[in-house]
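J.: One file: structure-v5.json (JSON, C-alpha atoms).
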[["chain", "number", "residue", "atom", "x", "y", "z"],
["A", 120, "MET", "CA", 0.32, 34.94, 20.32],
["A", 121, "ILE", "CA", 0.82, 36.28, 16.77],
["A", 122, "THR", "CA", 3.37, 38.86, 15.68],
["A", 123, "ILE", "CA", 2.60, 40.80, 12.52],
["A", 124, "SER", "CA", 5.40, 42.99, 11.17],
["A", 125, "GLU", "CA", 4.75, 46.65, 10.41],
["A", 126, "GLU", "CA", 5.14, 45.89, 6.70],
["A", 127, "ALA", "CA", 2.54, 43.13, 6.88],
["A", 128, "GLN", "CA", 0.20, 45.34, 8.91],
["A", 129, "ALA", "CA", 0.44, 48.05, 6.25],
["A", 130, "HIS", "CA", -0.20, 45.44, 3.53],
["A", 131, "PHE", "CA", -3.30, 44.11, 5.32],
["A", 132, "ALA", "CA", -4.61, 47.63, 5.98],
["A", 133, "LYS", "CA", -4.29, 48.45, 2.27],
["A", 134, "LEU", "CA", -6.09, 45.24, 1.27],
["A", 135, "LEU", "CA", -8.83, 45.79, 3.84],
["A", 136, "GLU", "CA", -9.56, 49.29, 2.48],
["A", 137, "LYS", "CA", -11.14, 47.56, -0.54],
["A", 138, "GLN", "CA", -13.39, 45.33, 1.60],
["A", 139, "ASP", "CA", -16.69, 46.04, 3.35],
["A", 140, "ALA", "CA", -16.47, 48.16, 6.50],
["A", 141, "GLY", "CA", -15.58, 46.16, 9.61],
["A", 142, "THR", "CA", -13.77, 43.40, 7.72],
["A", 143, "ASN", "CA", -10.68, 42.09, 9.50],
["A", 144, "ILE", "CA", -8.32, 39.19, 8.83],
["A", 145, "ARG", "CA", -8.69, 35.65, 10.12],
["A", 146, "VAL", "CA", -5.57, 33.62, 10.93],
["A", 147, "PHE", "CA", -6.23, 29.89, 11.20],
["A", 148, "VAL", "CA", -4.75, 26.41, 11.20],
["A", 149, "VAL", "CA", -6.35, 23.57, 9.24],
["A", 150, "ASN", "CA", -5.73, 20.14, 10.86],
["A", 151, "PRO", "CA", -3.96, 21.70, 13.88],
["A", 152, "GLY", "CA", -1.66, 19.43, 15.83],
["A", 153, "THR", "CA", -1.17, 16.97, 12.99],
["A", 154, "SER", "CA", 1.59, 16.42, 10.45],
["A", 155, "THR", "CA", -0.75, 17.80, 7.75],
["A", 156, "ALA", "CA", -1.38, 21.12, 9.54],
["A", 157, "GLU", "CA", -1.54, 24.15, 7.26],
["A", 158, "CYS", "CA", -1.77, 27.80, 8.30],
["A", 159, "GLY", "CA", -3.68, 30.44, 6.45],
["A", 160, "VAL", "CA", -4.96, 34.01, 6.41],
["A", 161, "SER", "CA", -8.27, 35.13, 4.94],
["A", 162, "TYR", "CA", -10.70, 38.03, 5.06],
["A", 163, "CYS", "CA", -13.05, 37.95, 8.04],
["A", 164, "PRO", "CA", -16.26, 39.98, 7.60],
["A", 165, "PRO", "CA", -18.09, 40.97, 10.80],
["A", 166, "THR", "CA", -20.73, 38.29, 10.18],
["A", 167, "ALA", "CA", -18.05, 35.55, 10.32],
["A", 168, "VAL", "CA", -16.82, 36.36, 13.83],
["A", 169, "GLU", "CA", -17.92, 33.78, 16.41],
["A", 170, "PRO", "CA", -18.37, 34.62, 20.13],
["A", 171, "GLU", "CA", -15.49, 32.32, 21.15],
["A", 172, "ASP", "CA", -13.07, 33.84, 18.61],
["A", 173, "ILE", "CA", -10.04, 35.72, 19.90],
["A", 174, "ARG", "CA", -9.48, 39.23, 18.52],
["A", 175, "ILE", "CA", -5.96, 40.64, 18.48],
["A", 176, "PRO", "CA", -5.81, 44.38, 17.66],
["A", 177, "PHE", "CA", -3.28, 45.70, 15.15],
["A", 178, "ASN", "CA", -2.92, 49.00, 13.24],
["A", 179, "GLY", "CA", -6.28, 49.52, 11.53],
["A", 180, "PHE", "CA", -7.61, 45.95, 11.83],
["A", 181, "ASP", "CA", -7.96, 42.95, 14.13],
["A", 182, "ALA", "CA", -6.57, 39.48, 13.61],
["A", 183, "VAL", "CA", -9.36, 37.03, 14.44],
["A", 184, "VAL", "CA", -8.37, 33.55, 15.61],
["A", 185, "ASP", "CA", -10.69, 30.64, 16.34],
["A", 186, "ALA", "CA", -10.30, 29.00, 19.75],
["A", 187, "GLU", "CA", -9.14, 25.67, 18.25],
["A", 188, "SER", "CA", -6.32, 27.28, 16.25],
["A", 189, "ALA", "CA", -5.13, 29.61, 19.05],
["A", 190, "PRO", "CA", -2.73, 27.27, 20.91],
["A", 191, "PHE", "CA", -1.17, 26.19, 17.61],
["A", 192, "LEU", "CA", -0.52, 29.81, 16.60],
["A", 193, "GLU", "CA", 1.62, 30.50, 19.66],
["A", 194, "ASP", "CA", 4.80, 32.29, 18.48],
["A", 195, "ALA", "CA", 3.41, 32.66, 14.92],
["A", 196, "GLU", "CA", 4.89, 35.44, 12.78],
["A", 197, "ILE", "CA", 3.45, 37.11, 9.71],
["A", 198, "ASP", "CA", 5.70, 39.27, 7.55],
["A", 199, "TYR", "CA", 5.53, 40.99, 4.17],
["A", 200, "VAL", "CA", 8.85, 40.65, 2.36],
["A", 201, "THR", "CA", 9.95, 42.48, -0.77],
["A", 202, "ASP", "CA", 13.00, 41.38, -2.77],
["A", 203, "GLN", "CA", 14.14, 41.27, -6.41],
["A", 204, "MET", "CA", 11.56, 38.55, -7.13],
["A", 205, "GLY", "CA", 8.68, 40.72, -5.89],
["A", 206, "SER", "CA", 6.66, 40.81, -2.70],
["A", 207, "GLN", "CA", 5.11, 38.04, -0.67],
["A", 208, "LEU", "CA", 3.35, 37.46, 2.60],
["A", 209, "THR", "CA", 5.04, 34.88, 4.84],
["A", 210, "LEU", "CA", 3.44, 33.06, 7.76],
["A", 211, "LYS", "CA", 5.60, 31.03, 10.13],
["A", 212, "ALA", "CA", 3.82, 29.00, 12.79],
["A", 213, "PRO", "CA", 6.33, 26.70, 14.50],
["A", 214, "ASN", "CA", 3.65, 25.15, 16.72],
["A", 215, "ALA", "CA", 1.02, 24.39, 14.05],
["A", 216, "LYS", "CA", 1.86, 20.70, 13.79],
["A", 217, "ALA", "CA", 2.20, 20.16, 17.54],
["A", 218, "ARG", "CA", 0.96, 22.16, 20.49],
["A", 219, "LYS", "CA", 3.85, 23.80, 22.30],
["A", 220, "VAL", "CA", 4.63, 22.21, 25.64],
["A", 221, "ALA", "CA", 6.03, 23.85, 28.75],
["A", 222, "ASP", "CA", 9.75, 23.62, 29.51],
["A", 223, "ASP", "CA", 8.92, 21.70, 32.68],
["A", 224, "ALA", "CA", 6.56, 19.22, 30.97],
["A", 225, "PRO", "CA", 7.42, 15.51, 31.25],
["A", 226, "LEU", "CA", 10.33, 14.43, 29.04],
["A", 227, "VAL", "CA", 8.11, 12.24, 26.85],
["A", 228, "GLU", "CA", 5.91, 15.27, 25.99],
["A", 229, "ARG", "CA", 8.89, 17.50, 25.22],
["A", 230, "VAL", "CA", 10.54, 14.86, 23.00],
["A", 231, "SER", "CA", 7.23, 14.18, 21.19],
["A", 232, "TYR", "CA", 6.87, 17.91, 20.57],
["A", 233, "VAL", "CA", 10.36, 18.17, 19.04],
["A", 234, "ILE", "CA", 9.66, 15.15, 16.84],
["A", 235, "GLU", "CA", 6.36, 16.59, 15.57],
["A", 236, "ALA", "CA", 7.52, 20.21, 15.24],
["A", 237, "GLU", "CA", 11.10, 19.74, 13.98],
["A", 238, "VAL", "CA", 11.94, 16.18, 12.94],
["A", 239, "ASN", "CA", 8.81, 15.11, 11.05],
["A", 240, "PRO", "CA", 8.68, 18.19, 8.81],
["A", 241, "GLN", "CA", 12.20, 17.25, 7.63],
["A", 242, "LEU", "CA", 11.24, 13.60, 7.08],
["A", 243, "ALA", "CA", 8.02, 14.58, 5.30],
["A", 244, "SER", "CA", 10.03, 15.85, 2.32],
["A", 245, "HIS", "CA", 10.94, 12.18, 1.73],
["A", 246, "GLY", "CA", 7.47, 10.87, 2.51],
["A", 247, "GLY", "CA", 8.50, 9.66, 5.96],
["A", 248, "LYS", "CA", 7.65, 10.22, 9.59],
["A", 249, "VAL", "CA", 8.62, 8.94, 13.02],
["A", 250, "VAL", "CA", 6.72, 8.55, 16.29],
["A", 251, "LEU", "CA", 7.99, 8.24, 19.83],
["A", 252, "LEU", "CA", 6.85, 4.96, 21.36],
["A", 253, "GLU", "CA", 8.43, 5.38, 24.78],
["A", 254, "ILE", "CA", 11.41, 6.60, 26.74],
["A", 255, "THR", "CA", 13.09, 3.78, 28.65],
["A", 256, "GLU", "CA", 14.15, 4.06, 32.27],
["A", 257, "ASP", "CA", 17.79, 4.15, 31.16],
["A", 258, "GLY", "CA", 17.16, 7.18, 28.90],
["A", 259, "TYR", "CA", 16.65, 5.78, 25.39],
["A", 260, "ALA", "CA", 13.98, 7.22, 23.11],
["A", 261, "ILE", "CA", 12.32, 4.33, 21.26],
["A", 262, "LEU", "CA", 11.09, 5.42, 17.83],
["A", 263, "GLN", "CA", 9.05, 3.84, 15.08],
["A", 264, "PHE", "CA", 9.46, 4.95, 11.49],
["A", 265, "GLY", "CA", 6.66, 5.03, 8.93],
["A", 266, "GLY", "CA", 5.91, 6.16, 5.40],
["A", 267, "GLY", "CA", 8.98, 6.53, 3.20],
["A", 268, "CYS", "CA", 11.30, 5.74, 6.11],
["A", 269, "ASN", "CA", 10.00, 2.18, 6.48],
["A", 270, "GLY", "CA", 12.38, -0.05, 4.58],
["A", 271, "CYS", "CA", 14.65, 2.83, 3.52],
["A", 272, "SER", "CA", 18.33, 1.91, 3.24],
["A", 273, "MET", "CA", 19.34, 5.26, 4.79],
["A", 274, "VAL", "CA", 17.24, 4.87, 7.96],
["A", 275, "ASP", "CA", 20.30, 4.16, 10.15],
["A", 276, "VAL", "CA", 22.00, 7.36, 8.97],
["A", 277, "THR", "CA", 18.79, 9.33, 9.53],
["A", 278, "LEU", "CA", 18.44, 7.84, 13.00],
["A", 279, "GLN", "CA", 22.00, 8.27, 14.25],
["A", 280, "ASP", "CA", 23.37, 11.29, 12.37],
["A", 281, "GLY", "CA", 20.09, 13.18, 12.26],
["A", 282, "ILE", "CA", 17.45, 12.40, 14.86],
["A", 283, "GLU", "CA", 19.69, 11.09, 17.66],
["A", 284, "LYS", "CA", 22.16, 13.93, 17.30],
["A", 285, "GLN", "CA", 19.35, 16.52, 17.36],
["A", 286, "LEU", "CA", 17.57, 14.99, 20.36],
["A", 287, "LEU", "CA", 20.77, 14.55, 22.40],
["A", 288, "GLU", "CA", 21.67, 18.20, 21.77],
["A", 289, "GLN", "CA", 18.23, 19.36, 22.89],
["A", 290, "PHE", "CA", 17.93, 17.02, 25.90],
["A", 291, "PRO", "CA", 21.45, 16.70, 27.34],
["A", 292, "GLY", "CA", 21.56, 14.65, 30.52],
["A", 293, "GLU", "CA", 17.98, 13.45, 29.96],
["A", 294, "LEU", "CA", 18.43, 11.21, 26.90],
["A", 295, "VAL", "CA", 21.38, 8.90, 26.29],
["A", 296, "GLY", "CA", 20.40, 7.62, 22.86],
["A", 297, "VAL", "CA", 17.73, 6.70, 20.34],
["A", 298, "ARG", "CA", 16.66, 3.23, 19.22],
["A", 299, "ASP", "CA", 14.58, 2.09, 16.28],
["A", 300, "ALA", "CA", 11.72, -0.33, 17.00],
["A", 301, "THR", "CA", 10.60, -0.54, 13.35],
["A", 302, "LYS", "CA", 10.70, -3.89, 11.58],
["A", 303, "HIS", "CA", 12.18, -2.65, 8.31],
["A", 304, "GLU", "CA", 11.07, -5.10, 5.66],
["A", 305, "SER", "CA", 10.36, -4.60, 2.01],
["A", 306, "GLY", "CA", 6.94, -5.52, 0.80],
["A", 307, "GLU", "CA", 3.45, -4.16, 0.35],
["A", 308, "HIS", "CA", 3.45, -2.34, 3.71],
["A", 309, "SER", "CA", 6.60, -0.43, 2.81],
["A", 310, "TYR", "CA", 6.29, 3.00, 1.23],
["A", 311, "TYR", "CA", 8.83, 2.24, -1.51]]
Would you mind writing the structure in this file as structure tokens?
T.:
Amino acid sequence: MITISEEAQAHFAKLLEKQDAGTNIRVFVVNPGTSTAECGVSYCPPTAVEPEDIRIPFNGFDAVVDAESAPFLEDAEIDYVTDQMGSQLTLKAPNAKARKVADDAPLVERVSYVIEAEVNPQLASHGGKVVLLEITEDGYAILQFGGGCNGCSMVDVTLQDGIEKQLLEQFPGELVGVRDATKHESGEHSYY
């Protein structure tokens, strides 16, 4: 579920030496499965461990994960990196914003996952997002833009050179194209 590098394990062990006996770390996701999901790590004293929590043993401590966060922490990686700017703990959780789906899941679920996990984080930097409305029988993914993408003059470039290209590469032979169902109009509903 979670990989913690040896450097990060040593860092946690050193930090935990200064805590009460039996304290571990808790790895969690706030708002899991949404575009606002955030991952975090905190101290976890023995009194904060719930019966349904999952404990993952590491060198000198356990990582405690709540049952709700667990599926969103699949393939998560924690590392402790040192460079010329100093040291920092990094946490990468590629499935925090969308629960990972199986390779043999229906096409609509796999495309939705890619949109939530890969496309929307890119659009979020511009205040935008996109949702999959449907996949047509002839293989087109029908999308609806929102936020900063609604009414944006670059939406066609984003759709064809970005999203369509990415989805066709990831789903060759399953998708033939992407279409926009958004009514792009300026006005009060538009982000800009």
J.: State, in Å with one decimal place, the distance from CA of Ala300 in chain A to CA of Val220 in chain A.
T.: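 We find that CA of Ala300 in chain A and CA of Val220 in chain A lie 25.2 Å from each other.
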J.: When you count only C-alpha atoms, which of these residues is closest to Pro240 in chain A: A:Glu193, A:Glu157, A:Glu136, A:Glu253?
T.: A:Glu157
J.: How many Å lie between CA of Ala212 in chain A and CA of His130 in chain A, rounded to one decimal?
T.: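 About the pair CA of Ala212 in chain A and CA of His130 in chain A: they are 19.3 Å apart.
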J.: Counting all atoms listed in the file, which residue out of A:Glu187, A:Asp299, A:Asp222, A:Glu126 sits closest to Val148 in chain A?
T.: A:Glu187
J.: Kindly give the distance, in Å, that separates CA of Ala132 in chain A and CA of Tyr162 in chain A, rounded to a single decimal.
T.: 11.4 Å
